Amino acid sequence: MRQRRLLRFHGLKRPRVRQTWNKYNLFNLIQLRTPQLSFKTFFQQKWRAKSMTRGYHGEHIKEYQWERMFSRRPLSAVDMDPAYMARYDGSEQAAGRGSGLLPPPRTRGTKGEEEASRTKATPYMQMVFAPMERRLDIAIFRALFASSARQARQFVLHGAVTVNGKKMRHPGYLLNPGDLFQVDIERVMTATGKPKRSLPGQKTVSTTATEESAEAEEGDVKEATATIEDPGEAIDADATKEKHLATLNALKSRAQKIMGDKEHIRAKQKMSLRKFLRDVKTAMDTARKSKGEATSTAEMNEVEQELSDLLSELSITPTERKAEAKQAAIEQKEQEKLGGGLLTAEEREALQRLAREESLNPHDPSKPYATPWQPRDWMSPFAFIPRYLEVNQRICAAVYLRHPVARPGLCEVPTPFSPVLSQLAFNWYLRRR
Amino acid sequence: MPPRIRSSSHQPQQLLNYLESSPSFSLSPASALAPLHRPTPTTTATISPSPPPCSRRSFSATPAVQLTRMRRKFKDWCVNNALFREPSPDGSTNYVSRVISQSDWNKVSADMPFPNNPQFRSQPVLSEKAREMIWEAVMVKGMPLKAVSAQFHVDMRRVAAVVRMKEIEKKWERENKPMAYPYARAILGMLPRANFLQGEPPFEPINDIHVHSYTMQQLFVPTSESREFTRADAAKAFGDHILPPDDKMRIPELVAMERKIADGMEPRDAEREFIREARESEQAFAAKQQARLQAAEERRIRVDSGRGIEFRFEKINAEDVGPTGRSRRGVGWRYGVPFMDRKRGQVKIPTSVE
C-alpha cells in the first residue's frame, strides 16, 4: 500500500499529536486541550473529535480499513477477588429488594484503594482504538522498539521483524494473544539511540539549538587563538606533518592489503575502497603542499580520524576482524599484567567495572548510531509500556499477552485525548454513513 | 521584497570581507551596505563572536529566517523544558506531568503520560530482577505457573511470556549472540518498575474475568424476597450459555484455597494444598495436550522416500466438502469451485502464525 506523504506531520500552526517521540510532538502534546465544542453542531463535534483522534491513532492507515476494523463492543475485565468468591455466593448483593442490604463486604484481600476503584466507572469510550493496538506495527511502537509507528511499519516491510520465529512482512498483521514478535536488535538500537552526528564532542551541523552552534563557534575561536598564540607549534610543525603523512601512508597500505584479498571482497566494497584510496591521496597531497603554513594539528587529526573510521567500516573481512579482536585481547591481558601490581584492589575493581560497562556498550564506529549507545533526545516523556504487552528489552522481543481491556477507572489503550473527545469519536464510528 | 545581494562574483572582494565580518546575521540591505561608506574597525576573528574567515560557510546571501511567533514560542519552550531531553538522572519517570499540574480542570498525577487522559496510567513493568525471580521459580524450582502467578501477583499469561523470553535470552547468552544491554538498561531506567519487594502493591489482577456482552444489559428478574439469588442464578438469567464467574476463574484452585481457609484450615496447609492441586491440574492439562498431539501423529502416515523428502499421508473424508462443495473443511481443489484468492480486494495477510 502506498503511503500518503504528510507535508506538515509535526506542525505548530495546525498541531496534531502523533505516534512519535519527536520534540515537536511533545510540545504539541503539552499544548493539547479539549477544544471548545459547545457552540458546534453534533456533527461538527464528532467530526472534530474524529479528525483529532485519527491524527494520532494510525494516521498511516486508510480510513476504510480502520472502519472495517472498528468494533462497537469494547472489551472489559473485572477483577474477582478469590477471598470474596470463596466466602460469598453473591446472594447478599441481591438481598432485600434486590440491591443488597449492606454495602459490599470487605474481605481479606481487598484494600481501600481497590474498593474505591470498584465504584469507578469503566471507561469504555476510551477503547475506541483498541482494535488498532492489535496491529503489528503499532504493537512494535508500543513496545518501545521504534520511535514512531511509521518507523515500526518500515521495520516490518524491510523484513526486520519476526512473529513466532517467522519473518512477517505485513504491518497490518493482527497479533493473536500469545504471539511473540521480535525486532532486529541493530534496528532497535538505531531507532532509539542518538544519531551518530549529534554527539557533543563532534563538531558537525546540528539540527537543533542555536546554543550548540554558538558553542561550536566558540570552539573555532579558541582554536584560532591557539594557532596564533602557541609558539611551540610552529617549531614542531614539520614533525607533526611527517607523522601525519606516515599515518596516511599506513592507512593507504592497509587499504591496499584489503584490496589484495580478492576472495572475500565484493565489487561494491572494492569501489568504495578505490574511492577511499583517492581520498587518502588527496589528503596526502594537501599535506605536502602546505609547506609554509602550519596546518593545525586538530585538522590533521580530524582528517586521520575520518579516514580511519571510513576504513574500519570498509574492512569487514571476517579474517581481519578476528585478527584484530585477538590482538586487542592480547594487549588487554598484557595491560592487566602490568597494571596489576600498581593499582589497589578498589581501583582495580572500579577499573574492571568500567571495562565491563565498556564491553557491554563499546565505542564502535562501524555502527549506524552514536556509540557508546545512549537513548535519543526527548524520548523519556513517551516511555511507557501498556499492560497487554510483556517486553524483554535485551533480546528486543515482546509477547502480545491479550487484547487491551478497560477496567474500572482504567483503560489500557494509550490515547492522549480526553474522554469527551474519545466518546465523540466513538459515536462517529458507530454510525454508518 | 527588499533588493537582495547578488552572488559573490558581482561583488568586490573588499565588500564581501566587510559583510562576513559584520556581527549582524540578517543581511538587510541597509545594515549590510553601511560598512562600505563607513567601515567600523572592530571586526577581527579573535574578538567578535562571528565565525572566523577560515570557517566553511563564511558568507551566505540568504536572508535570515524570520521566526514566527509560534516558532519562537517553541524554541523558548525547548530551552525551558530541557529536562525532557534526557531521562531523569534519578531513574524515575519523566512524563509531561512534571511541568503540568492541571489539564482540562483535572489534576495531573505523576504516572500520567497524557495529561488529558486520566484513565490511562503508565503502570509498572517487571524489572530485570523480577523477571529473573519468575524464571527461577518456574525453571529451577519447578513451581507450577499458577502458584508462581499467585505468589507474585502476576498474570499467568505474563508468567509464561516472561519464562519464554527469558529462555531465548539465556540461549543467546550461551551462543554469545549480541544483545541490547544498553538499550534495556536505559528503557528500564525510564519506566516505573516492580521489584516484588515488601510493601509494594500487587502487580496486577490475576483472577480477572472478561465481561460478556450479554451481561452488560440491565435486566429485571422478579423473584421472591426469600429466595437466595446467587451468581449462578444471575448467569442463568442473562442467558442459558452464560457461565457464572465461579466457572470462569483463571485459577480456581485459589478460590478453593480461600474456601479451605474460611472453613478453618491453617493458611500454610491450605497453601501447600493449593500448590499440589495447581501442579496436578497443570500436569493433567499437559497430559491431555500430549495425548491430542499423539493421536494426531497416529492418524498420520510418514513415509521416508530416502531422498531427504518425507511424505505424510492423512486420511480425509470426501464428504467434508459439504452439500454445496464449498465448505471450508473440504480438502484440495474442487471442480467448479472458483478460488477467490486472485480476486481484487481479497486480504491475504495471514491471520495467525504458528
# chains A, B, ... in the order shown; residues from 1 in each chain; ligands from 1

$ interface_residues --of "chain A" --to "chain B" --cutoff "7 Å" --atoms "only C-alpha atoms" --output "number ranges by chain"
A: 12, 30, 33-34, 76-83, 85-87, 89-91, 94, 96-97, 163-164, 170, 173-174, 176, 185, 189, 217, 221, 225, 360-361, 373, 375, 377-378, 380-384, 390, 392-395, 399, 401, 409-412, 414, 416-419

$ write_last_selection --atoms "C-alpha atoms" --output "tab-separated table (two decimals), in the first residue's frame"
chain	number	residue	atom	x	y	z
A	12	LEU	CA	2.92	24.17	15.05
A	30	ILE	CA	1.67	19.61	26.22
A	33	ARG	CA	-6.50	20.75	25.24
A	34	THR	CA	-10.02	19.57	24.61
A	76	SER	CA	-13.54	-5.04	29.57
A	77	ALA	CA	-12.50	-7.12	32.55
A	78	VAL	CA	-13.26	-7.14	36.23
A	79	ASP	CA	-11.05	-8.49	38.95
A	80	MET	CA	-12.70	-11.16	41.03
A	81	ASP	CA	-11.16	-11.46	44.45
A	82	PRO	CA	-10.73	-15.18	45.32
A	83	ALA	CA	-11.26	-14.46	49.01
A	85	MET	CA	-15.58	-15.62	45.80
A	86	ALA	CA	-14.86	-18.25	48.45
A	87	ARG	CA	-16.83	-16.61	51.22
A	89	ASP	CA	-22.10	-16.68	46.65
A	90	GLY	CA	-23.42	-13.31	45.58
A	91	SER	CA	-26.83	-13.68	47.17
A	94	ALA	CA	-29.49	-9.42	45.74
A	96	GLY	CA	-33.73	-7.22	50.37
A	97	ARG	CA	-35.40	-5.52	47.46
A	163	VAL	CA	6.43	-13.25	14.63
A	164	ASN	CA	6.78	-16.56	16.47
A	170	HIS	CA	2.71	-7.40	6.79
A	173	TYR	CA	-0.92	-8.42	10.70
A	174	LEU	CA	-3.27	-8.58	13.67
A	176	ASN	CA	-3.16	-13.00	18.39
A	185	ILE	CA	18.45	-5.54	17.64
A	189	MET	CA	19.33	0.45	18.72
A	217	GLU	CA	31.74	28.94	17.10
A	221	VAL	CA	37.63	30.97	18.02
A	225	THR	CA	43.72	31.88	19.05
A	360	LEU	CA	28.59	-4.08	27.11
A	361	ASN	CA	28.32	-0.67	25.48
A	373	TRP	CA	24.82	3.89	22.79
A	375	PRO	CA	18.85	6.94	24.33
A	377	ASP	CA	16.82	13.05	22.98
A	378	TRP	CA	13.23	13.80	24.08
A	380	SER	CA	11.68	9.68	28.11
A	381	PRO	CA	8.30	11.54	28.23
A	382	PHE	CA	6.96	8.96	25.78
A	383	ALA	CA	8.33	5.89	27.54
A	384	PHE	CA	5.57	3.62	28.84
A	390	GLU	CA	5.27	-8.10	28.01
A	392	ASN	CA	12.11	-8.29	27.04
A	393	GLN	CA	14.34	-5.40	26.03
A	394	ARG	CA	17.58	-7.39	25.95
A	395	ILE	CA	16.51	-9.54	23.04
A	399	VAL	CA	4.65	-11.02	23.71
A	401	LEU	CA	-0.47	-11.24	26.04
A	409	GLY	CA	-11.28	3.51	36.27
A	410	LEU	CA	-8.50	2.36	33.92
A	411	CYS	CA	-8.13	1.93	30.20
A	412	GLU	CA	-5.25	0.10	28.55
A	414	PRO	CA	-2.82	4.68	25.26
A	416	PRO	CA	-3.75	11.31	24.62
A	417	PHE	CA	-7.32	12.56	24.27
A	418	SER	CA	-9.87	13.32	26.92
A	419	PRO	CA	-12.87	11.05	27.47

$ select_by_dssp --residues "region 100-230 of chain B" --states "strand (DSSP E)" --output "PDB file with all heavy atoms, in the first residue's frame"
ATOM      1  N   GLN B 102      -2.227  20.668  36.016  1.00  0.00           N
ATOM      2  CA  GLN B 102      -3.658  20.659  35.770  1.00  0.00           C
ATOM      3  C   GLN B 102      -3.917  20.709  34.278  1.00  0.00           C
ATOM      4  O   GLN B 102      -3.265  21.466  33.558  1.00  0.00           O
ATOM      5  CB  GLN B 102      -4.289  21.864  36.456  1.00  0.00           C
ATOM      6  CG  GLN B 102      -5.693  21.611  36.895  1.00  0.00           C
ATOM      7  CD  GLN B 102      -6.272  22.801  37.608  1.00  0.00           C
ATOM      8  OE1 GLN B 102      -5.573  23.763  37.905  1.00  0.00           O
ATOM      9  NE2 GLN B 102      -7.550  22.750  37.872  1.00  0.00           N
ATOM     10  N   SER B 103      -4.859  19.897  33.827  1.00  0.00           N
ATOM     11  CA  SER B 103      -5.213  19.929  32.423  1.00  0.00           C
ATOM     12  C   SER B 103      -6.709  19.669  32.308  1.00  0.00           C
ATOM     13  O   SER B 103      -7.212  18.716  32.918  1.00  0.00           O
ATOM     14  CB  SER B 103      -4.433  18.857  31.673  1.00  0.00           C
ATOM     15  OG  SER B 103      -4.755  18.904  30.319  1.00  0.00           O
ATOM     16  N   ASN B 106      -8.581  19.081  35.446  1.00  0.00           N
ATOM     17  CA  ASN B 106      -8.359  17.877  36.234  1.00  0.00           C
ATOM     18  C   ASN B 106      -6.923  17.883  36.724  1.00  0.00           C
ATOM     19  O   ASN B 106      -6.035  18.389  36.037  1.00  0.00           O
ATOM     20  CB  ASN B 106      -8.578  16.622  35.382  1.00  0.00           C
ATOM     21  CG  ASN B 106     -10.032  16.429  35.070  1.00  0.00           C
ATOM     22  OD1 ASN B 106     -10.875  16.616  35.937  1.00  0.00           O
ATOM     23  ND2 ASN B 106     -10.323  16.092  33.822  1.00  0.00           N
ATOM     24  N   LYS B 107      -6.725  17.286  37.895  1.00  0.00           N
ATOM     25  CA  LYS B 107      -5.370  17.197  38.426  1.00  0.00           C
ATOM     26  C   LYS B 107      -4.582  16.173  37.625  1.00  0.00           C
ATOM     27  O   LYS B 107      -5.111  15.137  37.225  1.00  0.00           O
ATOM     28  CB  LYS B 107      -5.434  16.776  39.895  1.00  0.00           C
ATOM     29  CG  LYS B 107      -4.301  17.355  40.701  1.00  0.00           C
ATOM     30  CD  LYS B 107      -4.451  16.968  42.150  1.00  0.00           C
ATOM     31  CE  LYS B 107      -3.091  16.671  42.743  1.00  0.00           C
ATOM     32  NZ  LYS B 107      -2.610  15.321  42.507  1.00  0.00           N
ATOM     33  N   VAL B 125       6.413  -1.921  35.038  1.00  0.00           N
ATOM     34  CA  VAL B 125       6.789  -3.141  34.308  1.00  0.00           C
ATOM     35  C   VAL B 125       7.694  -3.968  35.223  1.00  0.00           C
ATOM     36  O   VAL B 125       8.231  -3.456  36.198  1.00  0.00           O
ATOM     37  CB  VAL B 125       7.514  -2.831  32.987  1.00  0.00           C
ATOM     38  CG1 VAL B 125       6.637  -2.067  32.056  1.00  0.00           C
ATOM     39  CG2 VAL B 125       8.798  -2.080  33.250  1.00  0.00           C
ATOM     40  N   LEU B 126       7.853  -5.232  34.886  1.00  0.00           N
ATOM     41  CA  LEU B 126       8.714  -6.098  35.698  1.00  0.00           C
ATOM     42  C   LEU B 126      10.170  -5.699  35.501  1.00  0.00           C
ATOM     43  O   LEU B 126      10.614  -5.524  34.362  1.00  0.00           O
ATOM     44  CB  LEU B 126       8.528  -7.554  35.290  1.00  0.00           C
ATOM     45  CG  LEU B 126       7.125  -8.125  35.468  1.00  0.00           C
ATOM     46  CD1 LEU B 126       7.065  -9.520  34.883  1.00  0.00           C
ATOM     47  CD2 LEU B 126       6.757  -8.165  36.934  1.00  0.00           C
ATOM     48  N   ARG B 193       9.021   0.616  37.729  1.00  0.00           N
ATOM     49  CA  ARG B 193       9.383  -0.801  37.803  1.00  0.00           C
ATOM     50  C   ARG B 193       8.762  -1.457  39.033  1.00  0.00           C
ATOM     51  O   ARG B 193       8.551  -0.812  40.059  1.00  0.00           O
ATOM     52  CB  ARG B 193      10.900  -0.961  37.893  1.00  0.00           C
ATOM     53  CG  ARG B 193      11.644  -0.445  36.701  1.00  0.00           C
ATOM     54  CD  ARG B 193      13.117  -0.369  36.993  1.00  0.00           C
ATOM     55  NE  ARG B 193      13.447   0.607  38.000  1.00  0.00           N
ATOM     56  CZ  ARG B 193      13.622   1.916  37.770  1.00  0.00           C
ATOM     57  NH1 ARG B 193      13.478   2.378  36.554  1.00  0.00           N
ATOM     58  NH2 ARG B 193      13.922   2.735  38.746  1.00  0.00           N
ATOM     59  N   ALA B 194       8.502  -2.752  38.899  1.00  0.00           N
ATOM     60  CA  ALA B 194       8.057  -3.548  40.044  1.00  0.00           C
ATOM     61  C   ALA B 194       9.168  -4.531  40.375  1.00  0.00           C
ATOM     62  O   ALA B 194       9.668  -5.229  39.492  1.00  0.00           O
ATOM     63  CB  ALA B 194       6.781  -4.297  39.698  1.00  0.00           C
ATOM     64  N   ASP B 208      -8.929 -12.024  36.983  1.00  0.00           N
ATOM     65  CA  ASP B 208      -9.974 -11.193  36.370  1.00  0.00           C
ATOM     66  C   ASP B 208     -10.734 -11.994  35.314  1.00  0.00           C
ATOM     67  O   ASP B 208     -10.212 -12.942  34.731  1.00  0.00           O
ATOM     68  CB  ASP B 208      -9.364  -9.934  35.762  1.00  0.00           C
ATOM     69  CG  ASP B 208      -8.230 -10.242  34.816  1.00  0.00           C
ATOM     70  OD1 ASP B 208      -7.804 -11.409  34.784  1.00  0.00           O
ATOM     71  OD2 ASP B 208      -7.760  -9.331  34.123  1.00  0.00           O
ATOM     72  N   ILE B 209     -11.968 -11.601  35.100  1.00  0.00           N
ATOM     73  CA  ILE B 209     -12.770 -12.273  34.072  1.00  0.00           C
ATOM     74  C   ILE B 209     -13.271 -11.231  33.080  1.00  0.00           C
ATOM     75  O   ILE B 209     -13.482 -10.072  33.418  1.00  0.00           O
ATOM     76  CB  ILE B 209     -13.965 -13.033  34.668  1.00  0.00           C
ATOM     77  CG1 ILE B 209     -14.799 -12.106  35.542  1.00  0.00           C
ATOM     78  CG2 ILE B 209     -13.506 -14.229  35.437  1.00  0.00           C
ATOM     79  CD1 ILE B 209     -16.096 -12.725  35.962  1.00  0.00           C
ATOM     80  N   HIS B 210     -13.419 -11.687  31.835  1.00  0.00           N
ATOM     81  CA  HIS B 210     -13.942 -10.802  30.804  1.00  0.00           C
ATOM     82  C   HIS B 210     -15.431 -10.564  31.041  1.00  0.00           C
ATOM     83  O   HIS B 210     -16.142 -11.463  31.473  1.00  0.00           O
ATOM     84  CB  HIS B 210     -13.736 -11.435  29.441  1.00  0.00           C
ATOM     85  CG  HIS B 210     -12.509 -10.937  28.776  1.00  0.00           C
ATOM     86  ND1 HIS B 210     -12.446  -9.692  28.208  1.00  0.00           N
ATOM     87  CD2 HIS B 210     -11.306 -11.490  28.617  1.00  0.00           C
ATOM     88  CE1 HIS B 210     -11.235  -9.505  27.717  1.00  0.00           C
ATOM     89  NE2 HIS B 210     -10.510 -10.585  27.954  1.00  0.00           N
TER      90      HIS B 210
END

$ residues_around --residues "Ala146 (chain A)" --least-positions-apart "4" --cutoff "6 Å" --atoms "only C-alpha atoms" --output "list in words"
Phe141, Ala152 and Ala191 of chain A

$ atom_distance --atom1 "CA of Pro74 (chain A)" --atom2 "CA of Pro408 (chain A)"
13.3 Å

$ atom_distance --atom1 "CA of Lys129 (chain B)" --atom2 "CA of Ala406 (chain A)"
28.7 Å

$ atom_distance --atom1 "CA of Ala137 (chain B)" --atom2 "CA of Glu200 (chain B)"
19.3 Å
